[in-house]
$ cat data23.cif   # mmCIF, C-alpha atoms
data_model
#
loop_
_atom_site.group_PDB
_atom_site.id
_atom_site.type_symbol
_atom_site.label_atom_id
_atom_site.label_comp_id
_atom_site.auth_asym_id
_atom_site.auth_seq_id
_atom_site.Cartn_x
_atom_site.Cartn_y
_atom_site.Cartn_z
ATOM 1 C CA MET W 1 20.733 25.278 -5.763
ATOM 2 C CA MET W 2 22.608 23.324 -8.398
ATOM 3 C CA LEU W 3 24.601 20.183 -8.008
ATOM 4 C CA PRO W 4 28.006 20.434 -9.728
ATOM 5 C CA GLY W 5 28.054 18.178 -12.768
ATOM 6 C CA PHE W 6 24.288 17.605 -12.686
ATOM 7 C CA PRO W 7 22.565 20.749 -14.018
ATOM 8 C CA ASP W 8 19.126 19.069 -14.117
ATOM 9 C CA ALA W 9 19.203 17.671 -10.585
ATOM 10 C CA ALA W 10 17.026 19.220 -7.884
ATOM 11 C CA PRO W 11 18.837 18.218 -4.674
ATOM 12 C CA VAL W 12 17.058 20.686 -2.369
ATOM 13 C CA SER W 13 13.481 19.855 -3.373
ATOM 14 C CA GLY W 14 14.546 16.209 -3.421
ATOM 15 C CA LEU W 15 15.758 16.448 0.167
ATOM 16 C CA ILE W 16 12.661 18.384 1.300
ATOM 17 C CA GLY W 17 10.421 15.809 -0.379
ATOM 18 C CA GLY W 18 12.413 12.990 1.203
ATOM 19 C CA VAL W 19 12.202 14.500 4.687
ATOM 20 C CA LEU W 20 8.412 14.844 4.253
ATOM 21 C CA ILE W 21 8.168 11.200 3.149
ATOM 22 C CA GLY W 22 10.226 10.182 6.183
ATOM 23 C CA LEU W 23 7.999 12.314 8.415
ATOM 24 C CA ALA W 24 4.879 10.700 6.952
ATOM 25 C CA ALA W 25 6.308 7.219 7.530
ATOM 26 C CA ALA W 26 7.324 8.245 11.078
ATOM 27 C CA ILE W 27 3.757 9.408 11.826
ATOM 28 C CA MET W 28 2.438 6.054 10.611
ATOM 29 C CA LEU W 29 5.004 4.159 12.716
ATOM 30 C CA LEU W 30 4.791 6.128 15.947
ATOM 31 C CA GLY W 31 1.104 7.032 15.645
ATOM 32 C CA ALA W 32 -0.497 3.883 14.249
ATOM 33 C CA GLY W 33 2.320 1.418 14.962
ATOM 34 C CA ARG W 34 2.576 0.392 11.336
ATOM 35 C CA ILE W 35 4.840 0.433 8.288
ATOM 36 C CA ALA W 36 3.939 3.040 5.650
ATOM 37 C CA GLY W 37 4.363 0.610 2.783
ATOM 38 C CA VAL W 38 2.209 1.835 -0.077
ATOM 39 C CA SER W 39 1.887 -1.437 -2.011
ATOM 40 C CA GLY W 40 0.805 -3.367 1.081
ATOM 41 C CA ILE W 41 -1.593 -0.670 2.276
ATOM 42 C CA ALA W 42 -3.106 -0.339 -1.214
ATOM 43 C CA ALA W 43 -3.548 -4.118 -1.472
ATOM 44 C CA ARG W 44 -5.263 -4.029 1.900
ATOM 45 C CA ALA W 45 -7.563 -1.150 0.866
ATOM 46 C CA PHE W 46 -8.703 -3.069 -2.219
ATOM 47 C CA GLY W 47 -9.075 -6.361 -0.350
ATOM 48 C CA LEU W 48 -6.145 -7.975 -2.163
ATOM 49 C CA THR W 49 -4.260 -9.087 0.930
ATOM 50 C CA ASP W 50 -4.970 -10.247 4.455
ATOM 51 C CA SER W 51 -3.737 -7.871 7.101
ATOM 52 C CA SER W 52 -4.703 -6.651 10.545
ATOM 53 C CA LEU W 53 -4.693 -3.079 9.252
ATOM 54 C CA PRO W 54 -8.302 -1.789 9.352
ATOM 55 C CA ARG W 55 -9.540 -1.270 5.799
ATOM 56 C CA ALA W 56 -10.815 2.212 6.636
ATOM 57 C CA GLY W 57 -7.301 3.160 7.692
ATOM 58 C CA ALA W 58 -5.830 1.699 4.507
ATOM 59 C CA TRP W 59 -8.299 3.722 2.432
ATOM 60 C CA ALA W 60 -7.523 6.876 4.416
ATOM 61 C CA PHE W 61 -3.817 6.498 3.647
ATOM 62 C CA VAL W 62 -4.398 5.782 -0.050
ATOM 63 C CA ILE W 63 -6.761 8.770 -0.419
ATOM 64 C CA GLY W 64 -4.195 10.956 1.336
ATOM 65 C CA LEU W 65 -1.592 10.345 -1.407
ATOM 66 C CA PRO W 66 -3.349 12.270 -4.237
ATOM 67 C CA LEU W 67 -4.649 14.749 -1.654
ATOM 68 C CA GLY W 68 -1.081 15.637 -0.692
ATOM 69 C CA ALA W 69 -0.070 15.852 -4.344
ATOM 70 C CA LEU W 70 -3.006 18.198 -4.967
ATOM 71 C CA VAL W 71 -1.926 20.455 -2.097
ATOM 72 C CA VAL W 72 1.535 20.794 -3.666
ATOM 73 C CA THR W 73 0.460 21.253 -7.304
ATOM 74 C CA SER W 74 -2.151 23.857 -6.300
ATOM 75 C CA GLN W 75 0.648 25.943 -4.808
ATOM 76 C CA THR W 76 3.069 25.758 -7.707
ATOM 77 C CA ALA W 77 2.909 26.798 -11.336
ATOM 78 C CA ALA W 78 5.207 24.037 -12.565
ATOM 79 C CA PRO W 79 4.095 22.373 -15.808
ATOM 80 C CA ALA W 80 2.515 18.920 -15.448
ATOM 81 C CA PRO W 81 5.019 16.090 -15.996
ATOM 82 C CA ALA W 82 4.771 13.751 -18.992
ATOM 83 C CA PHE W 83 3.630 10.151 -18.507
ATOM 84 C CA ALA W 84 4.105 7.012 -20.585
ATOM 85 C CA GLY W 85 1.444 5.907 -23.055
ATOM 86 C CA THR W 86 -1.368 3.503 -22.248
ATOM 87 C CA VAL W 87 0.385 0.282 -23.331
ATOM 88 C CA PRO W 88 3.634 0.820 -21.380
ATOM 89 C CA LEU W 89 1.584 2.026 -18.386
ATOM 90 C CA ILE W 90 -0.468 -1.196 -18.420
ATOM 91 C CA ILE W 91 2.613 -3.416 -18.810
ATOM 92 C CA ALA W 92 4.488 -1.536 -16.083
ATOM 93 C CA GLY W 93 1.458 -1.502 -13.768
ATOM 94 C CA LEU W 94 0.891 -5.251 -14.071
ATOM 95 C CA ILE W 95 4.561 -5.981 -13.346
ATOM 96 C CA VAL W 96 4.719 -3.501 -10.442
ATOM 97 C CA GLY W 97 1.531 -4.921 -8.908
ATOM 98 C CA ALA W 98 2.623 -8.563 -9.142
ATOM 99 C CA GLY W 99 6.227 -7.796 -8.184
ATOM 100 C CA THR W 100 5.396 -5.787 -5.070
ATOM 101 C CA ARG W 101 3.033 -8.496 -3.790
ATOM 102 C CA LEU W 102 5.549 -11.272 -4.416
ATOM 103 C CA GLY W 103 8.380 -9.164 -3.010
ATOM 104 C CA SER W 104 6.280 -8.027 -0.014
ATOM 105 C CA GLY W 105 6.884 -4.333 -0.609
ATOM 106 C CA CYS W 106 8.026 -1.469 -2.766
ATOM 107 C CA THR W 107 10.120 1.695 -2.564
ATOM 108 C CA SER W 108 8.301 2.900 0.564
ATOM 109 C CA GLY W 109 8.001 -0.259 2.651
ATOM 110 C CA HIS W 110 11.393 -1.768 1.785
ATOM 111 C CA GLY W 111 13.290 1.314 0.577
ATOM 112 C CA VAL W 112 12.306 3.808 3.274
ATOM 113 C CA CYS W 113 10.858 1.912 6.254
ATOM 114 C CA GLY W 114 12.843 -1.318 6.028
ATOM 115 C CA MET W 115 16.240 0.046 5.032
ATOM 116 C CA SER W 116 16.162 2.636 7.829
ATOM 117 C CA ARG W 117 15.582 -0.265 10.223
ATOM 118 C CA LEU W 118 18.433 -2.233 8.601
ATOM 119 C CA SER W 119 16.040 -5.084 7.823
ATOM 120 C CA GLN W 120 17.958 -7.773 5.947
ATOM 121 C CA ARG W 121 14.957 -8.527 3.731
ATOM 122 C CA SER W 122 14.457 -4.870 2.840
ATOM 123 C CA LEU W 123 18.143 -4.289 2.091
ATOM 124 C CA VAL W 124 18.122 -7.232 -0.315
ATOM 125 C CA ALA W 125 14.772 -6.224 -1.849
ATOM 126 C CA THR W 126 15.874 -2.615 -2.368
ATOM 127 C CA ALA W 127 19.218 -3.596 -3.881
ATOM 128 C CA THR W 128 17.374 -5.985 -6.193
ATOM 129 C CA PHE W 129 14.755 -3.554 -7.499
ATOM 130 C CA MET W 130 17.348 -0.830 -7.905
ATOM 131 C CA ILE W 131 19.548 -3.128 -9.991
ATOM 132 C CA THR W 132 16.692 -4.325 -12.217
ATOM 133 C CA GLY W 133 15.434 -0.726 -12.486
ATOM 134 C CA PHE W 134 18.866 0.460 -13.663
ATOM 135 C CA ALA W 135 19.106 -2.513 -16.029
ATOM 136 C CA THR W 136 15.621 -1.959 -17.475
ATOM 137 C CA VAL W 137 16.285 1.676 -18.361
ATOM 138 C CA ALA W 138 19.744 0.805 -19.723
ATOM 139 C CA VAL W 139 18.317 -1.958 -21.947
ATOM 140 C CA MET W 140 15.417 0.196 -23.140
ATOM 141 C CA ASN W 141 17.830 3.017 -23.994
ATOM 142 C CA ALA W 142 20.142 0.613 -25.800
ATOM 143 C CA LEU W 143 17.207 -0.678 -27.860
ATOM 144 C CA GLY W 144 15.998 2.857 -28.527
ATOM 145 C CA ILE W 145 12.647 2.264 -26.790
ATOM 146 C CA GLU W 146 11.221 5.596 -25.629
ATOM 147 C CA VAL W 147 8.142 5.581 -23.419
ATOM 148 C CA LEU W 148 7.956 9.239 -22.419
ATOM 149 C CA PRO W 149 6.934 11.866 -24.989
ATOM 150 C CA MET U 1 -13.206 5.071 13.374
ATOM 151 C CA ILE U 2 -11.567 8.508 13.590
ATOM 152 C CA ARG U 3 -8.725 7.020 15.618
ATOM 153 C CA GLU U 4 -8.214 4.373 12.941
ATOM 154 C CA THR U 5 -8.346 6.707 9.951
ATOM 155 C CA LEU U 6 -6.947 10.075 11.010
ATOM 156 C CA VAL U 7 -3.322 8.984 11.470
ATOM 157 C CA PRO U 8 -3.198 7.172 8.082
ATOM 158 C CA LEU U 9 -4.931 10.101 6.376
ATOM 159 C CA ILE U 10 -2.402 12.605 7.746
ATOM 160 C CA SER U 11 0.486 10.264 6.949
ATOM 161 C CA GLY U 12 -0.759 9.575 3.413
ATOM 162 C CA THR U 13 -1.292 13.263 2.709
ATOM 163 C CA ILE U 14 2.197 14.279 3.871
ATOM 164 C CA PHE U 15 3.569 11.263 1.982
ATOM 165 C CA GLY U 16 1.851 12.380 -1.246
ATOM 166 C CA ALA U 17 3.114 15.931 -0.800
ATOM 167 C CA GLY U 18 6.661 14.675 -0.236
ATOM 168 C CA LEU U 19 6.527 12.445 -3.307
ATOM 169 C CA THR U 20 5.388 15.383 -5.425
ATOM 170 C CA ILE U 21 7.920 17.905 -4.079
ATOM 171 C CA GLY U 22 10.717 15.331 -4.362
ATOM 172 C CA GLY U 23 9.989 14.649 -8.034
ATOM 173 C CA MET U 24 8.807 11.054 -7.627
ATOM 174 C CA THR U 25 5.565 11.822 -9.465
ATOM 175 C CA ASP U 26 7.556 12.921 -12.531
ATOM 176 C CA PRO U 27 8.363 9.762 -14.539
ATOM 177 C CA ALA U 28 11.146 11.555 -16.423
ATOM 178 C CA ARG U 29 12.805 12.407 -13.109
ATOM 179 C CA VAL U 30 12.489 8.832 -11.868
ATOM 180 C CA ARG U 31 13.754 7.319 -15.117
ATOM 181 C CA GLY U 32 16.569 9.861 -15.088
ATOM 182 C CA PHE U 33 17.636 8.477 -11.716
ATOM 183 C CA LEU U 34 17.444 4.923 -13.053
ATOM 184 C CA ASP U 35 19.508 5.945 -16.101
ATOM 185 C CA LEU U 36 22.699 5.257 -14.176
ATOM 186 C CA PHE U 37 24.742 4.446 -17.284
ATOM 187 C CA GLY U 38 23.423 7.376 -19.299
ATOM 188 C CA ASP U 39 22.332 10.889 -18.352
ATOM 189 C CA TRP U 40 22.062 10.178 -14.609
ATOM 190 C CA ASP U 41 19.902 12.462 -12.416
ATOM 191 C CA PRO U 42 20.844 11.977 -8.730
ATOM 192 C CA THR U 43 17.770 13.829 -7.357
ATOM 193 C CA LEU U 44 16.055 10.672 -6.095
ATOM 194 C CA ALA U 45 19.108 9.766 -4.040
ATOM 195 C CA PHE U 46 18.387 12.929 -2.036
ATOM 196 C CA VAL U 47 14.722 11.924 -1.678
ATOM 197 C CA MET U 48 15.700 8.463 -0.470
ATOM 198 C CA GLY U 49 18.454 9.826 1.786
ATOM 199 C CA GLY U 50 16.167 12.381 3.441
ATOM 200 C CA ALA U 51 13.413 9.835 3.997
ATOM 201 C CA VAL U 52 15.723 7.143 5.377
ATOM 202 C CA LEU U 53 17.431 9.623 7.707
ATOM 203 C CA VAL U 54 14.142 10.767 9.270
ATOM 204 C CA MET U 55 12.876 7.187 9.530
ATOM 205 C CA ALA U 56 16.116 6.011 11.154
ATOM 206 C CA LEU U 57 15.426 8.587 13.889
ATOM 207 C CA ALA U 58 11.826 7.395 14.128
ATOM 208 C CA TRP U 59 12.986 3.804 14.675
ATOM 209 C CA THR U 60 15.187 4.882 17.621
ATOM 210 C CA VAL U 61 12.142 6.626 19.138
ATOM 211 C CA GLN U 62 10.002 3.563 18.433
ATOM 212 C CA ARG U 63 12.352 1.326 20.428
ATOM 213 C CA ARG U 64 11.681 3.418 23.530
ATOM 214 C CA MET U 65 7.896 3.349 23.166
ATOM 215 C CA GLN U 66 5.704 0.724 24.821
ATOM 216 C CA ARG U 67 2.906 1.265 22.307
ATOM 217 C CA PRO U 68 2.094 3.648 19.446
ATOM 218 C CA ALA U 69 0.577 7.015 20.313
ATOM 219 C CA PHE U 70 -2.837 6.289 18.787
ATOM 220 C CA ALA U 71 -3.096 2.483 18.636
ATOM 221 C CA ASP U 72 -3.004 -0.364 21.126
ATOM 222 C CA ALA U 73 0.120 -2.103 19.877
ATOM 223 C CA PHE U 74 2.843 -2.023 17.245
ATOM 224 C CA SER U 75 2.121 -4.282 14.283
ATOM 225 C CA LEU U 76 5.424 -4.585 12.432
ATOM 226 C CA PRO U 77 6.958 -7.162 10.109
ATOM 227 C CA GLY U 78 9.385 -9.402 11.908
ATOM 228 C CA ARG U 79 10.577 -11.712 9.166
ATOM 229 C CA ASN U 80 14.275 -11.998 8.453
ATOM 230 C CA ASP U 81 14.392 -14.842 5.910
ATOM 231 C CA LEU U 82 15.641 -14.275 2.384
ATOM 232 C CA THR U 83 13.494 -16.121 -0.135
ATOM 233 C CA HIS U 84 13.399 -16.573 -3.900
ATOM 234 C CA ARG U 85 9.965 -15.012 -3.751
ATOM 235 C CA LEU U 86 11.349 -11.837 -2.131
ATOM 236 C CA VAL U 87 14.184 -11.489 -4.636
ATOM 237 C CA GLY U 88 12.132 -12.510 -7.677
ATOM 238 C CA GLY U 89 9.246 -10.230 -6.770
ATOM 239 C CA SER U 90 11.573 -7.294 -6.112
ATOM 240 C CA ALA U 91 13.377 -7.948 -9.407
ATOM 241 C CA LEU U 92 10.017 -7.838 -11.225
ATOM 242 C CA PHE U 93 9.015 -4.657 -9.419
ATOM 243 C CA GLY U 94 12.241 -2.932 -10.487
ATOM 244 C CA ILE U 95 11.552 -3.814 -14.129
ATOM 245 C CA GLY U 96 8.053 -2.309 -13.963
ATOM 246 C CA TRP U 97 9.417 0.748 -12.150
ATOM 247 C CA GLY U 98 11.993 1.229 -14.892
ATOM 248 C CA ILE U 99 9.514 0.875 -17.761
ATOM 249 C CA ALA U 100 7.133 3.689 -16.821
ATOM 250 C CA GLY U 101 9.038 5.500 -14.063
ATOM 251 C CA LEU U 102 6.252 4.922 -11.538
ATOM 252 C CA CYS U 103 6.095 2.959 -8.305
ATOM 253 C CA PRO U 104 2.943 2.455 -6.198
ATOM 254 C CA GLY U 105 3.023 5.652 -4.080
ATOM 255 C CA PRO U 106 3.592 8.054 -6.979
ATOM 256 C CA GLY U 107 1.020 6.072 -8.993
ATOM 257 C CA PHE U 108 -1.705 6.998 -6.499
ATOM 258 C CA ALA U 109 -0.367 10.525 -5.930
ATOM 259 C CA ALA U 110 -0.360 11.138 -9.696
ATOM 260 C CA LEU U 111 -4.144 10.621 -9.728
ATOM 261 C CA ALA U 112 -4.208 14.309 -8.752
ATOM 262 C CA ILE U 113 -1.685 15.296 -11.440
ATOM 263 C CA ALA U 114 -2.489 13.237 -14.549
ATOM 264 C CA PRO U 115 -5.710 11.388 -13.633
ATOM 265 C CA GLY U 116 -6.059 9.441 -16.898
ATOM 266 C CA SER U 117 -2.514 8.085 -17.047
ATOM 267 C CA ALA U 118 -2.353 7.425 -13.322
ATOM 268 C CA ALA U 119 -5.694 5.587 -13.363
ATOM 269 C CA VAL U 120 -4.446 3.271 -16.111
ATOM 270 C CA PHE U 121 -1.272 2.515 -14.141
ATOM 271 C CA VAL U 122 -3.103 2.023 -10.827
ATOM 272 C CA ALA U 123 -5.759 -0.226 -12.402
ATOM 273 C CA ALA U 124 -3.072 -2.395 -14.024
ATOM 274 C CA MET U 125 -1.138 -2.501 -10.749
ATOM 275 C CA LEU U 126 -4.216 -3.680 -8.851
ATOM 276 C CA ALA U 127 -4.787 -6.297 -11.564
ATOM 277 C CA GLY U 128 -1.209 -7.500 -11.066
ATOM 278 C CA MET U 129 -1.810 -7.716 -7.307
ATOM 279 C CA LEU U 130 -5.064 -9.580 -7.926
ATOM 280 C CA ALA U 131 -3.236 -12.060 -10.174
ATOM 281 C CA VAL U 132 -0.846 -12.914 -7.333
ATOM 282 C CA ARG U 133 -3.783 -13.171 -4.953
ATOM 283 C CA MET U 134 -5.551 -15.607 -7.280
ATOM 284 C CA ILE U 135 -2.494 -17.813 -7.695
ATOM 285 C CA GLU U 136 -1.735 -17.679 -3.992
ATOM 286 C CA PRO U 137 -4.975 -17.172 -2.045
ATOM 287 C CA ARG U 138 -3.113 -16.385 1.153
ATOM 288 C CA GLY U 139 -0.420 -14.214 -0.480
#
$ encode --input "data23.cif" --output "structure tokens"
Amino acid sequence: MMLPGFPDAAPVSGLIGGVLIGLAAAIMLLGAGRIAGVSGIAARAFGLTDSSLPRAGAWAFVIGLPLGALVVTSQTAAPAPAFAGTVPLIIAGLIVGAGTRLGSGCTSGHGVCGMSRLSQRSLVATATFMITGFATVAVMNALGIEVLP
Amino acid sequence: MIRETLVPLISGTIFGAGLTIGGMTDPARVRGFLDLFGDWDPTLAFVMGGAVLVMALAWTVQRRMQRPAFADAFSLPGRNDLTHRLVGGSALFGIGWGIAGLCPGPGFAALAIAPGSAAVFVAAMLAGMLAVRMIEPRG
């Protein structure tokens, strides 16, 4: 299905993916009683934050992420997406790692789990990282900086 | 052990599948969404909308539960204070997200799609987390 005015958009697979993400976060909430916030869980798995979440559980969640991706890619013949080069990946990774720790969360914890709960902190965090995300791409485009091949 | 790991494993696996189907593991798709003032791709709004909708339902169920299905108690963030740290950290995160088109979940999921690139991103991300940890031991 195509979205009028946006020939490249994939609204149906986007919605299906989103519902699955919501389902995954719901399982974590109702099953384990916890927020499915990837940055926090990853920090916990690697011993980079103090949390009551058992480390084995944090590792199980983190390992599940590529496992789920593998399940999907093994079923489809879509070409592999392009990624940024090593230098931009390192710069971006450092900033994302520091930013998500300082900001206590990322797209999953604040954007999905917190916003759906109308958490004031998550609403502010999500608005903030969306704005700086928009601004970053706009500035990079204006300067002609291309990171993807 | 199984009780502690099975729920997160199932959740993480469905999460990774959802990220991949939704296009979050494709940096061009993500950066297309962030290119609001250029050639905007609204796909990620559908991802976010679908996820938030399902989770909003889950929160209404959660309010009626005494305890989680497979744990002794809910362990949820209860803070409501807006701090410079929250805003500054989130602002930084958005910049990093915009540069490479990857956030933490898709970074890990992409280990199964483009292992080399994803490993570089994940290693740098963990280094960034470690840096905060070293500056603030209890962060």
$ atom_distance --input "data23.cif" --atom1 "CA of Met28 (chain W)" --atom2 "CA of Val47 (chain U)"
18.3 Å
$ closest_residue --input "data23.cif" --among "U:Met65, U:Leu53, U:Met125, U:Leu6" --to "chain W" --atoms "all atoms listed in the file"
U:Met125
$ residues_around --input "data23.cif" --residues "region 72-81 of chain U" --least-positions-apart "6" --cutoff "6 Å" --atoms "all atoms listed in the file" --output "compact mmCIF listing (two decimals) with C-alpha atoms, in the coordinates of the input"
# COMPACT_ATOMS: atom_id res chain seq x y z
CA GLY W 33 2.32 1.42 14.96
CA ARG W 34 2.58 0.39 11.34
CA ARG W 121 14.96 -8.53 3.73
$ closest_residue --input "data23.cif" --among "U:Ala131, U:Leu82, U:Val54, U:Val120" --to "Gly22 (chain W)" --atoms "only C-alpha atoms"
U:Val54
$ resolve_selection --input "data23.cif" --expression "the PyMOL selection byres ((chain W and resi 89) around 8)" --output "ChimeraX atom specification"
/W:84-88,90-93 /U:100,117,120-121,124
$ atom_distance --input "data23.cif" --atom1 "CA of Arg133 (chain U)" --atom2 "CA of Leu102 (chain W)"
9.5 Å
$ closest_atom_pairs --input "data23.cif" --of "chain W" --to "chain U" --cutoff "6 Å" --atoms "all atoms listed in the file" --output "JSON lines"
{"residue": "W:Ala9", "atom": "CA", "partner": "U:Thr43", "partner_atom": "CA", "distance": 5.2}
{"residue": "W:Ala10", "atom": "CA", "partner": "U:Thr43", "partner_atom": "CA", "distance": 5.5}
{"residue": "W:Pro11", "atom": "CA", "partner": "U:Thr43", "partner_atom": "CA", "distance": 5.3}
{"residue": "W:Ser13", "atom": "CA", "partner": "U:Gly22", "partner_atom": "CA", "distance": 5.4}
{"residue": "W:Gly14", "atom": "CA", "partner": "U:Gly22", "partner_atom": "CA", "distance": 4.0}
{"residue": "W:Leu15", "atom": "CA", "partner": "U:Phe46", "partner_atom": "CA", "distance": 4.9}
{"residue": "W:Gly17", "atom": "CA", "partner": "U:Gly18", "partner_atom": "CA", "distance": 3.9}
{"residue": "W:Gly18", "atom": "CA", "partner": "U:Val47", "partner_atom": "CA", "distance": 3.8}
{"residue": "W:Val19", "atom": "CA", "partner": "U:Gly50", "partner_atom": "CA", "distance": 4.7}
{"residue": "W:Leu20", "atom": "CA", "partner": "U:Gly18", "partner_atom": "CA", "distance": 4.8}
{"residue": "W:Ile21", "atom": "CA", "partner": "U:Phe15", "partner_atom": "CA", "distance": 4.7}
{"residue": "W:Gly22", "atom": "CA", "partner": "U:Ala51", "partner_atom": "CA", "distance": 3.9}
{"residue": "W:Ala24", "atom": "CA", "partner": "U:Ser11", "partner_atom": "CA", "distance": 4.4}
{"residue": "W:Ala26", "atom": "CA", "partner": "U:Ala58", "partner_atom": "CA", "distance": 5.5}
{"residue": "W:Ile27", "atom": "CA", "partner": "U:Ser11", "partner_atom": "CA", "distance": 5.9}
{"residue": "W:Met28", "atom": "CA", "partner": "U:Ser11", "partner_atom": "CA", "distance": 5.9}
{"residue": "W:Leu30", "atom": "CA", "partner": "U:Pro68", "partner_atom": "CA", "distance": 5.1}
{"residue": "W:Gly31", "atom": "CA", "partner": "U:Ala69", "partner_atom": "CA", "distance": 4.7}
{"residue": "W:Ala32", "atom": "CA", "partner": "U:Ala71", "partner_atom": "CA", "distance": 5.3}
{"residue": "W:Gly33", "atom": "CA", "partner": "U:Phe74", "partner_atom": "CA", "distance": 4.2}
{"residue": "W:Arg34", "atom": "CA", "partner": "U:Ser75", "partner_atom": "CA", "distance": 5.5}
{"residue": "W:Val38", "atom": "CA", "partner": "U:Gly105", "partner_atom": "CA", "distance": 5.6}
{"residue": "W:Ser39", "atom": "CA", "partner": "U:Pro104", "partner_atom": "CA", "distance": 5.8}
{"residue": "W:Gly57", "atom": "CA", "partner": "U:Thr5", "partner_atom": "CA", "distance": 4.3}
{"residue": "W:Ala60", "atom": "CA", "partner": "U:Leu9", "partner_atom": "CA", "distance": 4.6}
{"residue": "W:Phe61", "atom": "CA", "partner": "U:Gly12", "partner_atom": "CA", "distance": 4.3}
{"residue": "W:Gly64", "atom": "CA", "partner": "U:Thr13", "partner_atom": "CA", "distance": 4.0}
{"residue": "W:Leu65", "atom": "CA", "partner": "U:Gly16", "partner_atom": "CA", "distance": 4.0}
{"residue": "W:Pro66", "atom": "CA", "partner": "U:Ala109", "partner_atom": "CA", "distance": 3.8}
{"residue": "W:Leu67", "atom": "CA", "partner": "U:Thr13", "partner_atom": "CA", "distance": 5.7}
{"residue": "W:Gly68", "atom": "CA", "partner": "U:Thr13", "partner_atom": "CA", "distance": 4.2}
{"residue": "W:Ala69", "atom": "CA", "partner": "U:Ala17", "partner_atom": "CA", "distance": 4.8}
{"residue": "W:Leu70", "atom": "CA", "partner": "U:Ala112", "partner_atom": "CA", "distance": 5.6}
{"residue": "W:Val72", "atom": "CA", "partner": "U:Ala17", "partner_atom": "CA", "distance": 5.9}
{"residue": "W:Pro81", "atom": "CA", "partner": "U:Asp26", "partner_atom": "CA", "distance": 5.3}
{"residue": "W:Ala84", "atom": "CA", "partner": "U:Ala100", "partner_atom": "CA", "distance": 5.9}
{"residue": "W:Leu89", "atom": "CA", "partner": "U:Phe121", "partner_atom": "CA", "distance": 5.1}
{"residue": "W:Ile90", "atom": "CA", "partner": "U:Ala124", "partner_atom": "CA", "distance": 5.2}
{"residue": "W:Ala92", "atom": "CA", "partner": "U:Gly96", "partner_atom": "CA", "distance": 4.2}
{"residue": "W:Gly93", "atom": "CA", "partner": "U:Met125", "partner_atom": "CA", "distance": 4.1}
{"residue": "W:Leu94", "atom": "CA", "partner": "U:Gly128", "partner_atom": "CA", "distance": 4.3}
{"residue": "W:Ile95", "atom": "CA", "partner": "U:Gly96", "partner_atom": "CA", "distance": 5.1}
{"residue": "W:Val96", "atom": "CA", "partner": "U:Phe93", "partner_atom": "CA", "distance": 4.6}
{"residue": "W:Gly97", "atom": "CA", "partner": "U:Met125", "partner_atom": "CA", "distance": 4.0}
{"residue": "W:Ala98", "atom": "CA", "partner": "U:Gly128", "partner_atom": "CA", "distance": 4.4}
{"residue": "W:Gly99", "atom": "CA", "partner": "U:Gly89", "partner_atom": "CA", "distance": 4.1}
{"residue": "W:Thr100", "atom": "CA", "partner": "U:Phe93", "partner_atom": "CA", "distance": 5.8}
{"residue": "W:Leu102", "atom": "CA", "partner": "U:Gly89", "partner_atom": "CA", "distance": 4.5}
{"residue": "W:Gly103", "atom": "CA", "partner": "U:Gly89", "partner_atom": "CA", "distance": 4.0}
{"residue": "W:Val112", "atom": "CA", "partner": "U:Val52", "partner_atom": "CA", "distance": 5.2}
{"residue": "W:Ser116", "atom": "CA", "partner": "U:Ala56", "partner_atom": "CA", "distance": 4.7}
{"residue": "W:Arg121", "atom": "CA", "partner": "U:Asn80", "partner_atom": "CA", "distance": 5.9}
{"residue": "W:Ala125", "atom": "CA", "partner": "U:Ser90", "partner_atom": "CA", "distance": 5.4}
{"residue": "W:Thr128", "atom": "CA", "partner": "U:Ala91", "partner_atom": "CA", "distance": 5.5}
{"residue": "W:Phe129", "atom": "CA", "partner": "U:Gly94", "partner_atom": "CA", "distance": 4.0}
{"residue": "W:Thr132", "atom": "CA", "partner": "U:Gly94", "partner_atom": "CA", "distance": 5.0}
{"residue": "W:Gly133", "atom": "CA", "partner": "U:Gly94", "partner_atom": "CA", "distance": 4.4}
{"residue": "W:Phe134", "atom": "CA", "partner": "U:Leu34", "partner_atom": "CA", "distance": 4.7}
{"residue": "W:Thr136", "atom": "CA", "partner": "U:Gly98", "partner_atom": "CA", "distance": 5.5}
{"residue": "W:Val137", "atom": "CA", "partner": "U:Gly98", "partner_atom": "CA", "distance": 5.5}
$ atom_distance --input "data23.cif" --atom1 "CA of Phe6 (chain W)" --atom2 "CA of Ala80 (chain W)"
22.0 Å
$ axis_aligned_box --input "data23.cif" --around "region 61-64 of chain W" --padding-each-side "8 Å" --output "JSON"
{"center_x": -5.3, "center_y": 8.4, "center_z": 1.6, "size_x": 18.9, "size_y": 21.2, "size_z": 20.1}
$ residues_around --input "data23.cif" --residues "Gly109 (chain W)" --least-positions-apart "5" --cutoff "7 Å" --atoms "all atoms listed in the file" --output "PyMOL selection string"
chain W and resi 35-38+114
$ residues_around --input "data23.cif" --residues "Thr126 (chain W)" --least-positions-apart "6" --cutoff "8 Å" --atoms "only C-alpha atoms" --output "list of chain:residue names"
W:Cys106, W:Thr107, W:His110, W:Gly111, W:Met115, U:Ser90
